[in-house]
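Down below is the structure, laid out as structure tokens.
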Amino acid sequence: MNEYDSNRIFDIVKQIGYIKTDKQENADCYLVNTCHIRDKAKEKVFHEVGRIKKIYSKKKKPIMIVAGCVAQAENQEMLKREPFIDVVIGPQSYHKINNILKNFQVNQKEDETEFETIEKFDQLEKIKNTNSKVSSFLTIQEGCDKFCHFCVVPYTRGPECSRSFKTIIKESEELIKNGAREITLLGQNVNAYKYIENGKEFKISDIINELEKFTELKRIRYTTSHPIDMTEDLIECYSYNKKLMPFIHLPIQSGSNKVLKIMNRKHKVEDYLDTYRKIININPTIKFSSDFIIGYPGEEKEDFEQTKNLINEINFINSFSFIYSPRPGTKASNLKEINNNIAKERLIELQAMLFKNQIEHNKSLENKDIDVLVENKIKDQNKYFGRNEYFNPVIFDCDRNDIGKIVKVNIENTNQNTLYGKIKNKMKAA
């Protein structure tokens, strides 16, 4: 979502004459767009600002903007702690950036961190999305009402808010005209999308089915989903929609009902497994990935064993796993943490299982022909990059004319993260 937001910020500032520069030392305005999900995000921002200060130590200072979720969460502290920062803009306020830049005065600090999601959506509707990537992101929903006790999103992105169905389809058309052949629908709870327009309620399944009608569009994805929002209409899409990719990122966080309850996840392991089985029964080729938080406050050995049991039951082909780290302002930050050495040992053991699944999945594709959407040429190499249906990165030989097309690639070898191969016969493409 931050990549999408960064692209849209550039679409906005282009209207008042700003252009991108590859030469950092020549910027009139330097903007850092931030994410608060990872550990020590705030300190990483200050480190980056310090690096920028050195670049401009003997030059005219650029307007220094910190945008995104760290700006939202740490707005006043950032302005007080680092005088080099001129402006903080929250993720729901970046549509105001042109007014800020046009009216900027030296030594006048700006704090724009109000939650104004609907106003932002309305303003962005007037500005064309100029992104021209083969695989493009498209935000359809922002914010979260779930209030998982470990998560800062409700405090940095605000409550759940969905864009209008008509606006999403219009922006999709723009992206497809620009060259998009794959669109990934984005949201903090993307499958919670809900919008009433002209008396009709639209859901994410309606967006997916409408996008399928665009001939030039070859693939549809969405992320990130919450298990309790995997509704029957969305699940049913996998039985008939040919462009919806057979890969679902569905975070569970823990395989223990006790830990899920402490996390305030609002679902049980049994609910997750029920959804998994429904989807597999509809289409057994579908693969899953997940997120896991290890060492969460209250997690005991038995809870960890239950998480391992879940991984043995569902062959996740790619997952993110982390040791729990508290986020200021969340309920979990007040809980007693477990021993860090125990948490590290559990993470190593868990990741060994997850990586084994990942490697075995990749190995199973060796000596096989797979469909790959060619995205771009790799910089400084005579190789090209694309992804298969399961979102695996693929590196292979082809030519520039294949960018934007789906081609057959014979996989010769693999490692944990990447597939390597050679192009075979090309599929007919628009």
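Please note that chains go A, B, ... in the order of the structure tokens, that every chain numbers its residues from 1, and that ligands are numbered from 1 in the order shown.
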Please run DSSP on the backbone and report, as a compact mmCIF listing (two decimals) with N, CA and C atoms, in the first residue's frame, all residues within range 103-302 of chain A that come out as alpha helix (DSSP H).
# COMPACT_ATOMS: atom_id res chain seq x y z
N THR A 117 -10.26 10.13 5.44
CA THR A 117 -10.16 9.14 4.38
C THR A 117 -11.10 9.43 3.22
N ILE A 118 -12.35 9.75 3.53
CA ILE A 118 -13.33 9.99 2.45
C ILE A 118 -12.92 11.19 1.62
N GLU A 119 -12.47 12.26 2.29
CA GLU A 119 -12.03 13.45 1.55
C GLU A 119 -10.84 13.09 0.65
N LYS A 120 -9.93 12.28 1.16
CA LYS A 120 -8.77 11.88 0.36
C LYS A 120 -9.23 11.11 -0.88
N PHE A 121 -10.11 10.14 -0.69
CA PHE A 121 -10.61 9.37 -1.83
C PHE A 121 -11.27 10.28 -2.86
N ASP A 122 -12.05 11.25 -2.39
CA ASP A 122 -12.73 12.18 -3.30
C ASP A 122 -11.73 13.00 -4.11
N GLN A 123 -10.66 13.46 -3.45
CA GLN A 123 -9.66 14.28 -4.13
C GLN A 123 -8.86 13.45 -5.13
N LEU A 124 -8.52 12.22 -4.76
CA LEU A 124 -7.73 11.38 -5.66
C LEU A 124 -8.51 10.97 -6.90
N VAL A 153 -2.47 -0.45 13.20
CA VAL A 153 -3.19 0.04 12.01
C VAL A 153 -4.43 0.86 12.35
N PRO A 154 -5.30 0.44 13.28
CA PRO A 154 -6.48 1.27 13.57
C PRO A 154 -6.13 2.68 14.03
N TYR A 155 -4.92 2.83 14.61
CA TYR A 155 -4.51 4.13 15.13
C TYR A 155 -3.76 4.96 14.10
N THR A 156 -3.21 4.31 13.08
CA THR A 156 -2.46 5.05 12.05
C THR A 156 -3.23 5.21 10.75
N PHE A 165 -17.32 1.86 -5.74
CA PHE A 165 -17.14 0.83 -6.76
C PHE A 165 -16.83 1.47 -8.11
N LYS A 166 -17.56 2.49 -8.45
CA LYS A 166 -17.40 3.16 -9.75
C LYS A 166 -15.99 3.75 -9.88
N THR A 167 -15.49 4.36 -8.82
CA THR A 167 -14.17 4.96 -8.84
C THR A 167 -13.08 3.91 -9.01
N ILE A 168 -13.24 2.78 -8.34
CA ILE A 168 -12.26 1.69 -8.44
C ILE A 168 -12.19 1.16 -9.86
N ILE A 169 -13.33 0.96 -10.47
CA ILE A 169 -13.35 0.43 -11.84
C ILE A 169 -12.76 1.46 -12.81
N LYS A 170 -13.05 2.73 -12.59
CA LYS A 170 -12.49 3.79 -13.43
C LYS A 170 -10.97 3.82 -13.33
N GLU A 171 -10.45 3.72 -12.10
CA GLU A 171 -9.00 3.72 -11.94
C GLU A 171 -8.37 2.46 -12.52
N SER A 172 -9.08 1.34 -12.43
CA SER A 172 -8.61 0.10 -13.05
C SER A 172 -8.46 0.27 -14.55
N GLU A 173 -9.45 0.93 -15.17
CA GLU A 173 -9.37 1.19 -16.61
C GLU A 173 -8.13 2.01 -16.95
N GLU A 174 -7.84 3.02 -16.13
CA GLU A 174 -6.65 3.85 -16.36
C GLU A 174 -5.39 3.01 -16.29
N LEU A 175 -5.30 2.15 -15.28
CA LEU A 175 -4.11 1.32 -15.11
C LEU A 175 -3.95 0.36 -16.30
N ILE A 176 -5.05 -0.21 -16.76
CA ILE A 176 -4.99 -1.14 -17.89
C ILE A 176 -4.56 -0.42 -19.16
N LYS A 177 -5.07 0.79 -19.38
CA LYS A 177 -4.64 1.59 -20.53
C LYS A 177 -3.16 1.93 -20.44
N ASN A 178 -2.65 2.09 -19.20
CA ASN A 178 -1.23 2.40 -19.00
C ASN A 178 -0.33 1.18 -19.18
N ILE A 204 -16.04 -7.08 -2.46
CA ILE A 204 -14.83 -7.30 -3.24
C ILE A 204 -15.08 -8.29 -4.37
N SER A 205 -15.98 -9.24 -4.16
CA SER A 205 -16.31 -10.20 -5.23
C SER A 205 -16.87 -9.48 -6.46
N ASP A 206 -17.63 -8.40 -6.24
CA ASP A 206 -18.17 -7.63 -7.37
C ASP A 206 -17.05 -6.95 -8.14
N ILE A 207 -16.05 -6.45 -7.43
CA ILE A 207 -14.91 -5.81 -8.10
C ILE A 207 -14.16 -6.85 -8.93
N ILE A 208 -13.87 -7.99 -8.33
CA ILE A 208 -13.13 -9.06 -9.02
C ILE A 208 -13.87 -9.48 -10.29
N ASN A 209 -15.17 -9.67 -10.19
CA ASN A 209 -15.94 -10.12 -11.35
C ASN A 209 -16.05 -9.06 -12.43
N GLU A 210 -16.07 -7.78 -12.02
CA GLU A 210 -16.10 -6.70 -13.01
C GLU A 210 -14.75 -6.59 -13.72
N LEU A 211 -13.67 -6.75 -12.98
CA LEU A 211 -12.34 -6.67 -13.59
C LEU A 211 -12.10 -7.80 -14.59
N GLU A 232 -18.83 -16.16 1.69
CA GLU A 232 -19.17 -17.20 0.72
C GLU A 232 -19.07 -16.69 -0.73
N ASP A 233 -19.50 -15.44 -0.96
CA ASP A 233 -19.46 -14.91 -2.33
C ASP A 233 -18.02 -14.78 -2.82
N LEU A 234 -17.08 -14.42 -1.92
CA LEU A 234 -15.68 -14.33 -2.31
C LEU A 234 -15.10 -15.71 -2.56
N ILE A 235 -15.40 -16.65 -1.67
CA ILE A 235 -14.92 -18.02 -1.84
C ILE A 235 -15.43 -18.60 -3.16
N GLU A 236 -16.68 -18.31 -3.48
CA GLU A 236 -17.30 -18.85 -4.70
C GLU A 236 -16.60 -18.35 -5.96
N CYS A 237 -15.98 -17.16 -5.88
CA CYS A 237 -15.26 -16.62 -7.05
C CYS A 237 -14.23 -17.61 -7.58
N ASN A 257 -5.95 -21.37 19.85
CA ASN A 257 -7.15 -20.57 20.15
C ASN A 257 -6.93 -19.67 21.35
N LYS A 258 -6.16 -20.14 22.31
CA LYS A 258 -5.90 -19.32 23.49
C LYS A 258 -5.16 -18.05 23.12
N VAL A 259 -4.13 -18.20 22.29
CA VAL A 259 -3.34 -17.04 21.88
C VAL A 259 -4.17 -16.13 20.97
N LEU A 260 -4.96 -16.72 20.09
CA LEU A 260 -5.81 -15.91 19.21
C LEU A 260 -6.78 -15.05 20.03
N LYS A 261 -7.27 -15.62 21.11
CA LYS A 261 -8.17 -14.86 21.98
C LYS A 261 -7.43 -13.71 22.66
N ILE A 262 -6.21 -13.97 23.13
CA ILE A 262 -5.41 -12.91 23.76
C ILE A 262 -5.11 -11.81 22.74
N MET A 263 -4.93 -12.23 21.49
CA MET A 263 -4.65 -11.27 20.40
C MET A 263 -5.89 -10.48 19.98
N VAL A 269 -9.11 -21.27 15.35
CA VAL A 269 -8.40 -22.13 14.40
C VAL A 269 -9.41 -22.94 13.58
N GLU A 270 -10.46 -23.41 14.26
CA GLU A 270 -11.48 -24.21 13.56
C GLU A 270 -12.15 -23.40 12.44
N ASP A 271 -12.39 -22.10 12.68
CA ASP A 271 -12.99 -21.25 11.65
C ASP A 271 -12.05 -21.13 10.45
N TYR A 272 -10.78 -20.96 10.75
CA TYR A 272 -9.77 -20.83 9.69
C TYR A 272 -9.72 -22.10 8.85
N LEU A 273 -9.68 -23.25 9.52
CA LEU A 273 -9.61 -24.52 8.81
C LEU A 273 -10.87 -24.76 7.98
N ASP A 274 -12.00 -24.33 8.50
CA ASP A 274 -13.26 -24.48 7.76
C ASP A 274 -13.20 -23.69 6.45
N THR A 275 -12.70 -22.45 6.54
CA THR A 275 -12.56 -21.63 5.33
C THR A 275 -11.57 -22.28 4.36
N TYR A 276 -10.46 -22.74 4.89
CA TYR A 276 -9.44 -23.40 4.06
C TYR A 276 -10.04 -24.58 3.30
N ARG A 277 -10.79 -25.41 3.99
CA ARG A 277 -11.35 -26.62 3.36
C ARG A 277 -12.41 -26.27 2.31
N LYS A 278 -13.20 -25.24 2.60
CA LYS A 278 -14.20 -24.81 1.60
C LYS A 278 -13.52 -24.40 0.29
N ILE A 279 -12.43 -23.64 0.44
CA ILE A 279 -11.72 -23.14 -0.75
C ILE A 279 -11.05 -24.29 -1.50
N ILE A 280 -10.41 -25.19 -0.76
CA ILE A 280 -9.73 -26.32 -1.40
C ILE A 280 -10.73 -27.24 -2.09
N ASN A 281 -11.90 -27.40 -1.49
CA ASN A 281 -12.93 -28.23 -2.12
C ASN A 281 -13.41 -27.63 -3.44
N ILE A 282 -13.43 -26.30 -3.49
CA ILE A 282 -13.83 -25.62 -4.73
C ILE A 282 -12.74 -25.74 -5.79
N LYS A 301 4.42 -23.48 25.58
CA LYS A 301 4.93 -24.53 24.69
C LYS A 301 3.78 -25.23 23.96
N GLU A 302 2.71 -25.50 24.68
CA GLU A 302 1.55 -26.18 24.08
C GLU A 302 0.95 -25.34 22.94
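Near Ser225 in chain A, within a cut-off of 10 Å and counting only C-alpha atoms, sit the residues A:Leu186, A:Gly187, A:Gln188, A:Asn189, A:Val190, A:Asn191, A:Ala192, A:Tyr222, A:Ile228, A:Asp229, A:Met230, A:Ile248, A:His249, A:Leu250, A:Pro251, A:Ile252, A:Ser290, with same-chain residues fewer than 3 positions away left out.
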How about saving the chosen residues, C-alpha atoms kept, as an mmCIF file, in the first residue's frame?
data_model
loop_
_atom_site.group_PDB
_atom_site.id
_atom_site.type_symbol
_atom_site.label_atom_id
_atom_site.label_comp_id
_atom_site.auth_asym_id
_atom_site.auth_seq_id
_atom_site.Cartn_x
_atom_site.Cartn_y
_atom_site.Cartn_z
ATOM 1 C CA LEU A 186 -5.182 -3.538 -1.654
ATOM 2 C CA GLY A 187 -6.569 -2.878 1.807
ATOM 3 C CA GLN A 188 -5.602 -3.347 5.421
ATOM 4 C CA ASN A 189 -8.683 -5.606 5.459
ATOM 5 C CA VAL A 190 -9.221 -5.854 1.728
ATOM 6 C CA ASN A 191 -11.932 -8.516 1.900
ATOM 7 C CA ALA A 192 -13.936 -6.318 4.296
ATOM 8 C CA TYR A 222 -5.908 -9.105 -3.496
ATOM 9 C CA ILE A 228 -13.540 -13.571 9.344
ATOM 10 C CA ASP A 229 -14.156 -11.634 6.110
ATOM 11 C CA MET A 230 -13.706 -14.604 3.752
ATOM 12 C CA ILE A 248 -4.404 -16.622 -1.060
ATOM 13 C CA HIS A 249 -2.523 -14.751 1.640
ATOM 14 C CA LEU A 250 -4.677 -15.372 4.710
ATOM 15 C CA PRO A 251 -2.918 -14.496 7.988
ATOM 16 C CA ILE A 252 -3.850 -16.567 11.019
ATOM 17 C CA SER A 290 0.085 -16.734 6.144
#
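Closest approach to Asn362 in chain A among A:Arg387, A:Asn415, A:Asn340, A:Ile323: A:Asn415, based on only C-alpha atoms.
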At a cut-off of 6 Å, using only C-alpha atoms, what residues contact Ser135 in chain A? Leave out same-chain residues fewer than 4 positions from it and give the result as number ranges by chain. A: 180, 182-183
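Residue nearest Arg219 in chain A, chosen from A:Asp371, A:Glu300, A:Asp28, A:Glu337 and counting only C-alpha atoms: A:Asp371.
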Neighbours of Glu112 in chain A within 7 Å (only C-alpha atoms; same-chain residues fewer than 4 positions away dropped), as a list in words? Val88, Ile89, Gly90 and Ser93 of chain A
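Of note, CA of Lys60 in chain A and CA of Gln24 in chain A are spaced 12.6 Å apart.
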Which of A:Phe150, A:Phe10, A:Tyr30, A:Tyr4 sits closest to Ser136 in chain A [using only C-alpha atoms]: A:Tyr4
Please identify all polymer residues within 8 Å of Asn98 in chain A, counting only C-alpha atoms, omitting same-chain residues fewer than 3 positions from it, and present them as a ChimeraX atom specification. /A:12-13,16,95,101-102
Residues from last step as file, N, CA and C atoms, as a compact mmCIF listing (two decimals), in the first residue's frame:
# COMPACT_ATOMS: atom_id res chain seq x y z
N ILE A 12 0.03 13.59 -7.58
CA ILE A 12 -0.49 14.85 -7.04
C ILE A 12 0.51 16.00 -7.26
N VAL A 13 1.76 15.79 -6.86
CA VAL A 13 2.73 16.89 -6.91
C VAL A 13 3.14 17.23 -8.34
N ILE A 16 1.75 20.51 -9.71
CA ILE A 16 2.32 21.83 -9.40
C ILE A 16 3.79 21.90 -9.82
N HIS A 95 -3.42 14.04 0.27
CA HIS A 95 -4.04 14.82 -0.81
C HIS A 95 -3.85 16.33 -0.58
N LEU A 101 2.97 22.50 0.01
CA LEU A 101 4.17 22.89 -0.72
C LEU A 101 4.06 24.31 -1.28
N LYS A 102 2.89 24.66 -1.79
CA LYS A 102 2.71 26.00 -2.37
C LYS A 102 2.81 27.09 -1.32
Nearest residue to Arg38 in chain A from the set A:Val70, A:Leu365, A:Leu138, A:Ile63 (distances using only C-alpha atoms): A:Val70
